[in-house]
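Heads up, upload_38.txt below (compact mmCIF, C-alpha atoms and all ligand atoms):
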```
# COMPACT_ATOMS: atom_id res chain seq x y z
CA MET A 1 74.47 112.62 103.02
CA ASN A 2 74.77 116.21 104.22
CA GLU A 3 75.09 119.59 102.53
CA PRO A 4 78.48 121.37 102.84
CA THR A 5 77.23 123.84 105.45
CA ASN A 6 75.70 121.15 107.67
CA THR A 7 77.70 119.50 110.37
CA PHE A 8 77.30 115.85 111.21
CA GLU A 9 78.89 113.26 113.45
CA ILE A 10 82.18 111.75 112.28
CA VAL A 11 84.29 109.01 113.89
CA ALA A 12 88.01 108.73 113.17
CA LYS A 13 89.47 105.38 114.11
CA THR A 14 93.04 104.98 115.29
CA GLN A 15 95.38 102.61 117.10
CA PHE A 16 95.38 102.11 120.84
CA GLY A 17 97.41 104.85 122.54
CA LEU A 18 97.16 107.46 119.76
CA GLU A 19 93.70 108.82 120.65
CA GLU A 20 94.96 112.05 122.26
CA LEU A 21 97.27 112.83 119.36
CA LEU A 22 94.38 112.29 116.96
CA ALA A 23 92.12 114.58 119.01
CA ALA A 24 94.82 117.29 118.87
CA GLU A 25 95.10 116.88 115.09
CA LEU A 26 91.32 117.19 114.79
CA LYS A 27 91.25 120.31 116.94
CA ALA A 28 93.86 121.89 114.66
CA LEU A 29 91.67 121.05 111.64
CA GLY A 30 88.66 122.80 113.20
CA ALA A 31 86.62 119.84 114.49
CA THR A 32 84.07 120.52 117.24
CA ASP A 33 82.46 118.36 119.96
CA ILE A 34 85.61 116.21 120.12
CA GLU A 35 85.19 113.13 122.31
CA LEU A 36 87.88 110.54 123.00
CA LEU A 37 86.84 106.90 122.66
CA THR A 38 88.97 103.75 122.77
CA ARG A 39 90.91 103.53 119.50
CA ALA A 40 88.71 106.29 118.04
CA VAL A 41 87.73 109.94 118.34
CA LYS A 42 84.20 111.22 117.74
CA TYR A 43 83.62 114.78 116.50
CA ARG A 44 81.39 116.99 114.37
CA GLY A 45 82.23 118.63 111.11
CA ASP A 46 80.98 119.44 107.65
CA LYS A 47 81.79 117.90 104.30
CA ALA A 48 84.97 120.00 103.97
CA LEU A 49 86.20 118.74 107.33
CA LEU A 50 85.41 115.16 106.31
CA TYR A 51 87.58 115.57 103.21
CA LYS A 52 90.33 117.34 105.17
CA SER A 53 90.28 114.62 107.84
CA ASN A 54 91.13 112.00 105.24
CA LEU A 55 93.79 114.12 103.59
CA HIS A 56 95.54 115.53 106.66
CA LEU A 57 95.18 113.21 109.66
CA ARG A 58 98.45 111.40 110.33
CA THR A 59 97.20 109.28 113.23
CA ALA A 60 93.81 108.15 111.85
CA LEU A 61 93.25 104.75 110.28
CA LYS A 62 89.75 105.41 108.95
CA VAL A 63 87.18 108.19 108.91
CA LEU A 64 83.61 106.93 109.29
CA VAL A 65 80.28 108.74 108.98
CA PRO A 66 77.69 106.96 111.16
CA PHE A 67 74.23 107.24 109.60
CA THR A 68 71.96 104.95 111.58
CA SER A 69 71.85 102.98 114.82
CA PHE A 70 69.32 100.45 116.06
CA TYR A 71 69.02 97.50 118.40
CA ALA A 72 69.00 93.96 117.04
CA HIS A 73 68.43 90.87 119.17
CA HIS A 74 69.19 88.28 116.53
CA GLU A 75 70.49 87.91 113.00
CA ASN A 76 67.11 87.96 111.28
CA GLN A 77 66.27 91.23 112.98
CA LEU A 78 69.59 92.66 111.81
CA TYR A 79 68.77 91.56 108.25
CA LYS A 80 65.24 93.01 108.44
CA ARG A 81 66.33 96.39 109.80
CA ILE A 82 69.06 96.77 107.19
CA ARG A 83 66.64 95.82 104.42
CA GLN A 84 64.24 98.58 105.55
CA ILE A 85 66.83 101.29 104.72
CA ASP A 86 66.40 102.83 101.25
CA TRP A 87 69.77 101.84 99.76
CA SER A 88 68.97 103.36 96.37
CA ARG A 89 69.83 106.76 97.92
CA HIS A 90 73.46 105.65 98.18
CA LEU A 91 73.98 102.96 95.52
CA THR A 92 72.76 101.83 92.13
CA PRO A 93 72.71 98.18 91.02
CA LYS A 94 75.73 98.98 88.85
CA HIS A 95 77.82 100.01 91.84
CA THR A 96 80.08 97.72 93.82
CA LEU A 97 79.93 97.29 97.56
CA ALA A 98 82.12 96.09 100.45
CA ILE A 99 81.17 95.59 104.09
CA ASP A 100 83.52 95.61 107.07
CA ALA A 101 82.09 94.40 110.37
CA THR A 102 83.36 94.55 113.93
CA THR A 103 81.41 92.90 116.72
CA ASN A 104 81.70 93.02 120.47
CA SER A 105 78.59 91.11 121.43
CA ASP A 106 77.36 87.90 123.00
CA ILE A 107 74.77 87.53 120.23
CA PHE A 108 76.78 88.47 117.16
CA HIS A 109 80.00 86.51 117.59
CA HIS A 110 81.25 86.36 114.05
CA SER A 111 82.05 89.59 112.28
CA LYS A 112 82.31 87.84 108.90
CA PHE A 113 78.79 86.42 109.25
CA THR A 114 77.49 89.86 110.31
CA ALA A 115 79.04 91.36 107.17
CA LEU A 116 77.46 88.63 105.06
CA LYS A 117 73.97 89.20 106.56
CA THR A 118 74.31 92.95 105.95
CA LYS A 119 75.37 92.38 102.35
CA ASP A 120 72.46 89.96 101.78
CA ALA A 121 69.93 92.48 103.13
CA ILE A 122 71.21 95.20 100.77
CA VAL A 123 71.51 93.10 97.62
CA ASP A 124 68.16 91.37 98.22
CA GLN A 125 66.50 94.79 98.36
CA PHE A 126 67.99 95.70 94.98
CA ARG A 127 67.08 92.34 93.45
CA ASP A 128 63.45 92.74 94.57
CA ARG A 129 63.14 96.35 93.40
CA PHE A 130 65.19 96.35 90.19
CA GLY A 131 65.76 92.71 89.27
CA ILE A 132 69.53 93.28 89.42
CA ARG A 133 71.86 93.77 92.36
CA PRO A 134 75.16 95.52 93.11
CA SER A 135 78.11 93.17 93.23
CA VAL A 136 80.72 92.85 95.93
CA ASP A 137 84.26 94.13 95.46
CA VAL A 138 86.25 93.87 98.68
CA GLU A 139 89.35 95.58 97.27
CA ASN A 140 88.07 98.59 95.42
CA PRO A 141 84.32 99.13 95.96
CA ASP A 142 82.25 102.19 95.06
CA LEU A 143 80.81 102.16 98.57
CA ARG A 144 82.41 100.72 101.68
CA LEU A 145 80.12 100.28 104.68
CA ASN A 146 81.11 99.67 108.26
CA VAL A 147 78.88 97.70 110.64
CA HIS A 148 79.75 97.94 114.29
CA ILE A 149 77.84 95.93 116.88
CA HIS A 150 78.30 96.57 120.56
CA ASP A 151 76.16 94.17 122.55
CA LYS A 152 72.79 94.65 120.74
CA LEU A 153 73.47 98.14 119.40
CA VAL A 154 74.15 98.16 115.67
CA THR A 155 75.77 101.22 114.08
CA LEU A 156 76.05 101.53 110.32
CA SER A 157 78.59 103.98 108.93
CA PHE A 158 79.82 105.03 105.53
CA ASP A 159 83.55 104.55 105.32
CA SER A 160 84.82 107.75 103.71
CA SER A 161 88.44 106.56 103.57
CA GLY A 162 88.20 103.39 101.50
CA ASN A 163 91.58 101.77 102.01
CA THR A 164 92.90 102.40 105.52
CA LEU A 165 94.77 105.68 105.88
CA ASP A 166 98.09 104.06 106.78
CA ARG A 167 98.28 103.19 103.09
CA ARG A 168 99.79 106.51 102.07
CA GLY A 169 100.86 105.11 98.72
CA TYR A 170 104.63 105.49 99.21
CA ARG A 171 105.57 102.11 100.60
CA LEU A 172 105.48 99.65 97.75
CA SER A 173 108.77 98.06 98.81
CA ARG A 174 108.92 96.50 102.24
CA THR A 175 111.59 95.09 104.50
CA GLU A 176 110.85 92.24 106.86
CA ALA A 177 109.05 93.98 109.74
CA PRO A 178 107.87 97.36 108.44
CA MET A 179 106.12 99.65 110.88
CA ASN A 180 102.59 100.83 110.20
CA GLU A 181 102.71 104.43 108.92
CA VAL A 182 100.05 105.62 111.40
CA LEU A 183 102.02 104.22 114.34
CA ALA A 184 105.26 105.69 112.99
CA ALA A 185 103.64 109.12 112.57
CA GLY A 186 102.26 108.90 116.12
CA ILE A 187 105.70 108.08 117.54
CA VAL A 188 107.29 110.96 115.59
CA MET A 189 104.66 113.30 117.05
CA LEU A 190 105.15 111.93 120.58
CA SER A 191 108.90 112.55 120.25
CA GLY A 192 108.21 116.27 119.87
CA TRP A 193 110.02 116.52 116.49
CA THR A 194 109.01 119.75 114.79
CA GLY A 195 111.59 119.93 112.02
CA GLN A 196 114.39 121.60 113.96
CA GLY A 197 117.70 120.05 114.98
CA TYR A 198 118.22 116.51 113.84
CA LEU A 199 116.36 113.24 114.00
CA LEU A 200 118.09 109.89 113.58
CA ASP A 201 116.64 106.46 112.83
CA PRO A 202 119.68 104.20 113.21
CA MET A 203 117.74 100.99 112.37
CA CYS A 204 115.52 102.37 109.62
CA GLY A 205 114.30 99.17 107.87
CA SER A 206 111.91 100.41 105.18
CA GLY A 207 112.34 104.00 106.42
CA THR A 208 108.91 104.74 107.87
CA PHE A 209 110.03 107.00 110.75
CA GLY A 210 112.18 109.17 108.48
CA ILE A 211 109.49 109.57 105.82
CA GLU A 212 106.75 110.38 108.33
CA ALA A 213 109.10 112.83 110.13
CA ALA A 214 109.94 114.57 106.83
CA MET A 215 106.27 114.80 105.80
CA LEU A 216 105.35 116.20 109.20
CA ALA A 217 108.13 118.80 109.20
CA ALA A 218 107.38 119.85 105.60
CA ASN A 219 103.63 119.89 106.34
CA ILE A 220 103.03 117.49 103.46
CA ALA A 221 99.53 115.99 103.71
CA PRO A 222 99.88 112.24 104.32
CA GLY A 223 97.00 111.52 101.92
CA LYS A 224 98.47 113.60 99.09
CA ARG A 225 99.31 110.60 96.91
CA ARG A 226 96.18 108.48 97.22
CA THR A 227 92.46 108.46 96.60
CA PHE A 228 89.62 108.04 99.10
CA GLY A 229 86.26 106.30 99.30
CA PHE A 230 84.25 109.54 99.41
CA GLU A 231 85.47 110.43 95.90
CA ARG A 232 83.06 107.79 94.58
CA TRP A 233 80.06 108.77 96.68
CA LYS A 234 76.89 110.03 95.00
CA ASP A 235 77.21 113.42 96.76
CA PHE A 236 80.94 113.89 96.02
CA ASP A 237 81.82 117.59 95.60
CA GLY A 238 84.74 117.63 93.16
CA GLU A 239 85.17 121.41 93.28
CA LEU A 240 85.43 121.47 97.07
CA TRP A 241 87.90 118.56 97.00
CA SER A 242 90.14 120.27 94.40
CA LYS A 243 90.19 123.43 96.50
CA ILE A 244 91.14 121.50 99.67
CA LYS A 245 93.94 119.67 97.86
CA ALA A 246 95.31 122.89 96.34
CA GLU A 247 95.31 124.58 99.75
CA ALA A 248 97.23 121.62 101.20
CA VAL A 249 99.97 121.95 98.57
CA GLN A 250 100.18 125.69 99.24
CA ALA A 251 100.65 125.03 102.96
CA GLU A 252 103.75 122.85 102.44
CA ARG A 253 106.92 124.42 103.88
CA ASN A 254 110.64 124.06 104.16
CA TYR A 255 112.28 123.25 107.44
CA SER A 256 115.77 123.69 108.79
CA GLY A 257 116.32 120.34 110.51
CA GLN A 258 118.00 117.22 109.27
CA ILE A 259 116.80 113.61 109.14
CA ILE A 260 119.36 110.81 108.95
CA CYS A 261 118.31 107.19 108.42
CA SER A 262 120.69 104.26 108.51
CA ASP A 263 120.57 100.50 108.66
CA LEU A 264 123.08 97.68 108.80
CA ASP A 265 121.51 96.19 105.72
CA GLN A 266 122.22 97.99 102.41
CA HIS A 267 119.04 96.48 100.93
CA ALA A 268 116.93 98.16 103.65
CA VAL A 269 118.68 101.49 102.93
CA ASP A 270 117.86 101.12 99.21
CA ILE A 271 114.22 100.33 99.99
CA SER A 272 113.97 103.32 102.33
CA GLU A 273 115.29 105.59 99.59
CA GLN A 274 112.81 104.22 97.05
CA ASN A 275 109.94 104.74 99.49
CA ALA A 276 111.11 108.29 100.29
CA LYS A 277 111.26 109.05 96.55
CA ARG A 278 107.65 107.94 96.14
CA ALA A 279 106.68 110.11 99.13
CA GLY A 280 108.51 113.06 97.53
CA VAL A 281 110.86 113.56 100.50
CA GLU A 282 114.06 111.86 99.36
CA ARG A 283 115.99 115.15 99.19
CA LYS A 284 115.06 115.87 102.79
CA ILE A 285 116.60 112.69 104.23
CA ILE A 286 120.20 111.46 104.34
CA TYR A 287 120.55 107.68 103.95
CA ARG A 288 123.54 105.61 105.04
CA GLN A 289 124.48 102.00 105.43
CA ALA A 290 125.90 101.81 108.96
CA ASP A 291 126.07 99.68 112.08
CA PHE A 292 124.45 101.55 114.98
CA PHE A 293 127.17 100.26 117.30
CA ASP A 294 129.82 102.08 115.22
CA SER A 295 127.75 105.25 114.84
CA LYS A 296 128.60 108.70 116.15
CA PRO A 297 126.16 111.59 116.58
CA PRO A 298 126.39 114.36 113.98
CA GLY A 299 126.05 117.07 116.66
CA GLU A 300 125.55 117.72 120.36
CA SER A 301 121.87 116.98 120.75
CA GLY A 302 119.10 115.40 118.75
CA ILE A 303 116.32 112.82 118.73
CA LEU A 304 116.86 109.12 118.03
CA LEU A 305 113.80 107.07 117.11
CA PHE A 306 114.19 103.40 116.69
CA ASN A 307 112.52 100.10 116.40
CA PRO A 308 115.17 97.40 116.98
CA PRO A 309 114.50 93.75 116.15
CA TYR A 310 112.39 92.10 118.85
CA GLY A 311 114.49 88.96 118.68
CA GLU A 312 111.83 86.36 117.86
CA ARG A 313 114.47 84.28 116.13
CA LEU A 314 117.31 84.83 118.60
CA GLU A 315 118.30 83.00 121.77
CA SER A 316 117.06 85.01 124.76
CA ASP A 317 120.65 85.63 125.99
CA ASP A 318 121.60 87.07 122.62
CA ILE A 319 118.69 89.49 122.50
CA VAL A 320 119.24 90.59 126.10
CA ASN A 321 122.92 91.31 125.32
CA TYR A 322 121.93 93.13 122.15
CA TYR A 323 119.56 95.49 124.04
CA GLN A 324 122.22 95.95 126.72
CA GLU A 325 124.65 97.02 123.99
CA ILE A 326 122.10 99.47 122.62
CA GLY A 327 121.86 101.05 126.08
CA ASN A 328 125.66 101.15 126.48
CA HIS A 329 126.20 102.75 123.11
CA LEU A 330 123.53 105.36 123.76
CA LYS A 331 124.94 106.15 127.17
CA HIS A 332 128.56 106.52 126.06
CA THR A 333 128.16 107.99 122.58
CA TYR A 334 124.95 110.01 122.62
CA PRO A 335 124.97 112.22 125.75
CA GLY A 336 122.73 115.24 125.23
CA HIS A 337 120.36 113.19 123.04
CA THR A 338 116.88 111.78 123.58
CA ALA A 339 116.19 108.25 122.39
CA TRP A 340 112.74 106.74 121.85
CA ILE A 341 112.77 102.97 121.47
CA ILE A 342 109.72 100.86 120.66
CA SER A 343 109.85 97.14 121.28
CA ALA A 344 107.54 94.22 121.98
CA ASN A 345 110.30 92.49 123.92
CA ALA A 346 109.61 93.69 127.48
CA GLU A 347 112.30 91.48 129.00
CA ALA A 348 115.03 92.70 126.63
CA MET A 349 113.98 96.34 127.17
CA LYS A 350 114.75 95.98 130.88
CA HIS A 351 118.38 95.39 129.91
CA VAL A 352 118.84 98.70 128.07
CA GLY A 353 120.12 99.78 131.48
CA LEU A 354 118.92 103.39 131.26
CA ARG A 355 116.00 104.67 133.22
CA PRO A 356 113.07 105.61 130.98
CA THR A 357 111.49 109.00 131.60
CA ARG A 358 108.32 107.93 129.76
CA LYS A 359 106.68 104.61 128.95
CA ILE A 360 103.75 104.42 126.56
CA LYS A 361 101.74 101.32 125.70
CA LEU A 362 101.20 100.91 121.95
CA PHE A 363 100.57 98.08 119.52
CA ASN A 364 102.70 97.25 116.50
CA GLY A 365 100.22 95.14 114.55
CA SER A 366 98.94 92.64 117.10
CA LEU A 367 102.08 92.88 119.26
CA GLU A 368 101.79 94.80 122.50
CA CYS A 369 104.78 97.13 122.74
CA ARG A 370 106.23 99.78 124.97
CA LEU A 371 107.59 103.01 123.59
CA GLN A 372 110.21 104.21 126.07
CA LYS A 373 111.92 107.56 126.24
CA PHE A 374 115.53 107.75 127.43
CA GLU A 375 117.24 111.07 128.05
CA MET A 376 121.02 110.82 127.97
CA PHE A 377 122.11 113.76 130.05
CA MET A 378 125.55 115.27 129.66
CA GLY A 379 127.56 113.98 132.59
CA LYS A 380 131.19 114.26 133.48
CA LYS A 381 133.34 112.91 130.69
CA GLY A 382 132.65 109.23 130.11
CA GLU A 383 129.74 109.34 132.52
CA GLY A 384 126.83 109.88 130.14
CA ASN A 385 123.38 109.75 131.71
CA ALA A 386 124.82 110.69 135.12
CA LYS A 387 121.58 112.36 136.23
CA THR A 388 118.84 109.83 135.70
CA PRO A 389 115.44 111.30 136.55
CA PRO A 390 112.71 109.14 138.10
CA ALA A 391 110.67 106.91 135.77
CA ILE A 392 107.19 108.06 134.74
CA SER A 393 104.68 105.58 133.37
CA ASN A 394 101.43 106.11 131.58
C1 LIG A 401 112.17 96.00 113.00
S1 LIG A 401 113.19 96.53 111.71
C2 LIG A 401 112.84 98.26 111.61
C3 LIG A 401 111.59 98.52 110.84
C4 LIG A 401 111.40 99.98 110.50
N1 LIG A 401 111.02 100.77 111.65
C5 LIG A 401 110.39 100.14 109.37
O1 LIG A 401 109.51 100.96 109.48
O2 LIG A 401 110.48 99.42 108.37
C6 LIG A 401 114.77 96.51 112.45
C7 LIG A 401 115.90 96.94 111.54
O3 LIG A 401 117.07 97.06 112.35
C8 LIG A 401 118.18 96.79 111.51
N2 LIG A 401 119.34 96.52 112.41
C9 LIG A 401 119.52 95.50 113.28
N3 LIG A 401 120.69 95.63 113.94
C10 LIG A 401 121.26 96.77 113.48
C11 LIG A 401 122.48 97.45 113.79
N4 LIG A 401 123.35 96.97 114.65
N5 LIG A 401 122.74 98.61 113.15
C12 LIG A 401 121.88 99.11 112.23
N6 LIG A 401 120.72 98.51 111.88
C13 LIG A 401 120.41 97.35 112.50
C14 LIG A 401 117.72 95.60 110.70
O4 LIG A 401 118.49 95.47 109.51
C15 LIG A 401 116.25 95.97 110.43
O5 LIG A 401 116.11 96.62 109.18
```

Let me see the file written as structure tokens.
Amino acid sequence: MNEPTNTFEIVAKTQFGLEELLAAELKALGATDIELLTRAVKYRGDKALLYKSNLHLRTALKVLVPFTSFYAHHENQLYKRIRQIDWSRHLTPKHTLAIDATTNSDIFHHSKFTALKTKDAIVDQFRDRFGIRPSVDVENPDLRLNVHIHDKLVTLSFDSSGNTLDRRGYRLSRTEAPMNEVLAAGIVMLSGWTGQGYLLDPMCGSGTFGIEAAMLAANIAPGKRRTFGFERWKDFDGELWSKIKAEAVQAERNYSGQIICSDLDQHAVDISEQNAKRAGVERKIIYRQADFFDSKPPGESGILLFNPPYGERLESDDIVNYYQEIGNHLKHTYPGHTAWIISANAEAMKHVGLRPTRKIKLFNGSLECRLQKFEMFMGKKGEGNAKTPPAISN
């Protein structure tokens, strides 16, 4: 791998729809040659930037360092080419190994089989050269490799993150449908929250929006409480890493705004508080057990972010009425506010009855969702949302 002063190609992977936010985060970190891909951003940087990417990026899922590409026309060729690489530069037989594979190819259909072939090629090389071989540890390996095959083009990358970056280490307790931390951070960033005024999550579940919003406003590095794959690499620079972590703590700040999270379910409120405690932001968030339909805004204007139930277990009439009630309550009780709602239930969303000023396609796990922005303008008394601007889609 490269010396600290050298730059090399890096690929940060993300979720669909968050690529531009990730590119902006990378620009702020000092990345160069930034190129947007689908669900990823390619850039150049040195070892310090690689470490910082893992520590600071809120919208990245993984940070990969591609190190070789070649064409393979069949599985045996894949095996042969991988076996030709000198793996002793990166591993010893005592190390453990994990392989992730993604394939988009007519030849290599099965990503699991591709991973297996890659693993065989590496361990067979060790067995031949040293008589012993590294073992596989899918959970906590010393080296995690990523194999990506597009058509016949194979790209091998070192996975510098290890566990995916959404695992910030604060959410040990979960409610039923928790939101991925990377998606939650992306939505907070899209909402324009900078730590001023107030931000409400009236259906907070396990509290992901509130925690991500607090960490963003306080400039707390999302990776502060976890470890990364690169810390076990042969070329790991412990001194550089300590310096980067110390600088991140120094850059934390106070902010003036307020975050209020509530949920109908007291258990969800308790879980949110426990998660916030682990993230170190519990004193920055107010938690309440409350029904959104009885709620009142704490001031004249603010941001609401919420992720209502999608209604998989409800009759369609019930869920349509429920979304209609959300719209009514926003319209009558929250004039002057901006609400961002994410839902996979496209039909129910139509019944919110407010005109969205932005629609963004995102995925919550495998569910295709729309994040919609509603601006409740101050109207004449009792006429919230009187001036509805035209809808904008992207
Ligand atoms: C999909 S979950 C939210 C998940 C959350 N974004 C997270 O990251 O864990 C929906 C939440 O809405 C809450 N909820 C449903 N109806 C509500 C209401 N009328 N008032 C307040 N909370 C409600 C549920 O208790 C549930 O925790």

If you take every atom of ligand LIG 401 (chain A) that the file lists and fit an axis-aligned box around them with 8 Å extra on each side, what centre and edge lengths come out in Å to one decimal, as lines of an AutoDock Vina configuration file?
```
center_x = 116.4
center_y = 98.2
center_z = 111.5
size_x = 29.8
size_y = 21.5
size_z = 22.3
```

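Picture a line from CA of Asp270 in chain A to CA of Arg171 in chain A; it runs 12.4 Å.
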
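Remark: for Ile34 in chain A, the closest of the candidate residues A:Leu49, A:Glu9, A:Ser69, A:Ile132 is A:Glu9 (distances computed over all atoms listed in the file).
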
From A:Ala290, A:Leu97, A:Ile107, A:Ile303, residue lying nearest Met189 in chain A [only C-alpha atoms]: A:Ile303

Contact residues around Val65 in chain A with all atoms listed in the file at 12 Å, ignoring same-chain residues under 5 positions, as number ranges by chain: A: 1-2, 7-13, 42-47, 49-51, 53-54, 144-147, 155-161, 229-230

Can I get the selected residues back with C-alpha atoms, as a compact mmCIF listing (two decimals), in the coordinates of the input?
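Done, and the output landed in again-v3.txt:
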```txt
# COMPACT_ATOMS: atom_id res chain seq x y z
CA MET A 1 74.47 112.62 103.02
CA ASN A 2 74.77 116.21 104.22
CA THR A 7 77.70 119.50 110.37
CA PHE A 8 77.30 115.85 111.21
CA GLU A 9 78.89 113.26 113.45
CA ILE A 10 82.18 111.75 112.28
CA VAL A 11 84.29 109.01 113.89
CA ALA A 12 88.01 108.73 113.17
CA LYS A 13 89.47 105.38 114.11
CA LYS A 42 84.20 111.22 117.74
CA TYR A 43 83.62 114.78 116.50
CA ARG A 44 81.39 116.99 114.37
CA GLY A 45 82.23 118.63 111.11
CA ASP A 46 80.98 119.44 107.65
CA LYS A 47 81.79 117.90 104.30
CA LEU A 49 86.20 118.74 107.33
CA LEU A 50 85.41 115.16 106.31
CA TYR A 51 87.58 115.57 103.21
CA SER A 53 90.28 114.62 107.84
CA ASN A 54 91.13 112.00 105.24
CA ARG A 144 82.41 100.72 101.68
CA LEU A 145 80.12 100.28 104.68
CA ASN A 146 81.11 99.67 108.26
CA VAL A 147 78.88 97.70 110.64
CA THR A 155 75.77 101.22 114.08
CA LEU A 156 76.05 101.53 110.32
CA SER A 157 78.59 103.98 108.93
CA PHE A 158 79.82 105.03 105.53
CA ASP A 159 83.55 104.55 105.32
CA SER A 160 84.82 107.75 103.71
CA SER A 161 88.44 106.56 103.57
CA GLY A 229 86.26 106.30 99.30
CA PHE A 230 84.25 109.54 99.41
```

9 Å shell around ligand LIG 401 (chain A) using all atoms listed in the file, listed as a ChimeraX atom specification: /A:174-181,184,201-210,262-269,272,289-295,305-310,322,326,343

Test item: which residues lie within 6 Å of (94.1, 114.9, 102.7) counting only C-alpha atoms, as a PyMOL selection string: chain A and resi 52+54-56+221+223-224

d(CA of Arg81 in chain A, CA of Leu61 in chain A) in Å: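 So the answer is 28.2 Å.
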
Contacts of Gly353 in chain A at 8 Å (only C-alpha atoms; same-chain gap of 4+ positions) as a PyMOL selection string: chain A and resi 324+327-328

Point-to-point distance from CA of Arg288 in chain A to CA of Ala214 in chain A, Å rounded to tenths: 16.4 Å

Spatial neighbours of range 330-341 of chain A, max dist 8 Å, all atoms listed in the file, sep filter under 2 positions, as an NGL selection string: :A and (191 or 296-297 or 300-308 or 326-328 or 343 or 354 or 371-379 or 382-385)

Shell of 10 Å around Glu231 in chain A, only C-alpha atoms, local chain residues under 2 positions omitted, as an MDAnalysis selection string: chainID A and resid 51 142:143 160:162 227:229 233:238 241

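Excluding range 72-80 of chain A itself and any same-chain residue fewer than 2 positions from it, the protein and nucleic acid residues within 7 Å of it, counting all atoms listed in the file, are A:Phe70, A:Ile82, A:Arg83, A:Gln84, A:Ile107, A:Lys117, A:Thr118, A:Ala121, A:Lys152, A:Leu153, A:Val154.
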
Neighbour residues at most 8 Å from (110.6, 122.6, 104.2) (all atoms listed in the file) as a list of chain:residue names: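 Output: A:Ala217, A:Ala218, A:Asn219, A:Glu252, A:Arg253, A:Asn254, A:Tyr255, A:Ser256.
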
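Checking A:Lys119, A:Lys277, A:His351, A:Lys112 one by one against Leu172 in chain A, counting all atoms listed in the file, you find the shortest gap at A:Lys277.
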
Minimum-distance residue to Gly195 in chain A, chosen among A:Val63, A:Leu240, A:Ile285, A:Ala24 (using only C-alpha atoms):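 Among A:Val63, A:Leu240, A:Ile285, A:Ala24, it is A:Ile285 that comes nearest to Gly195 in chain A.
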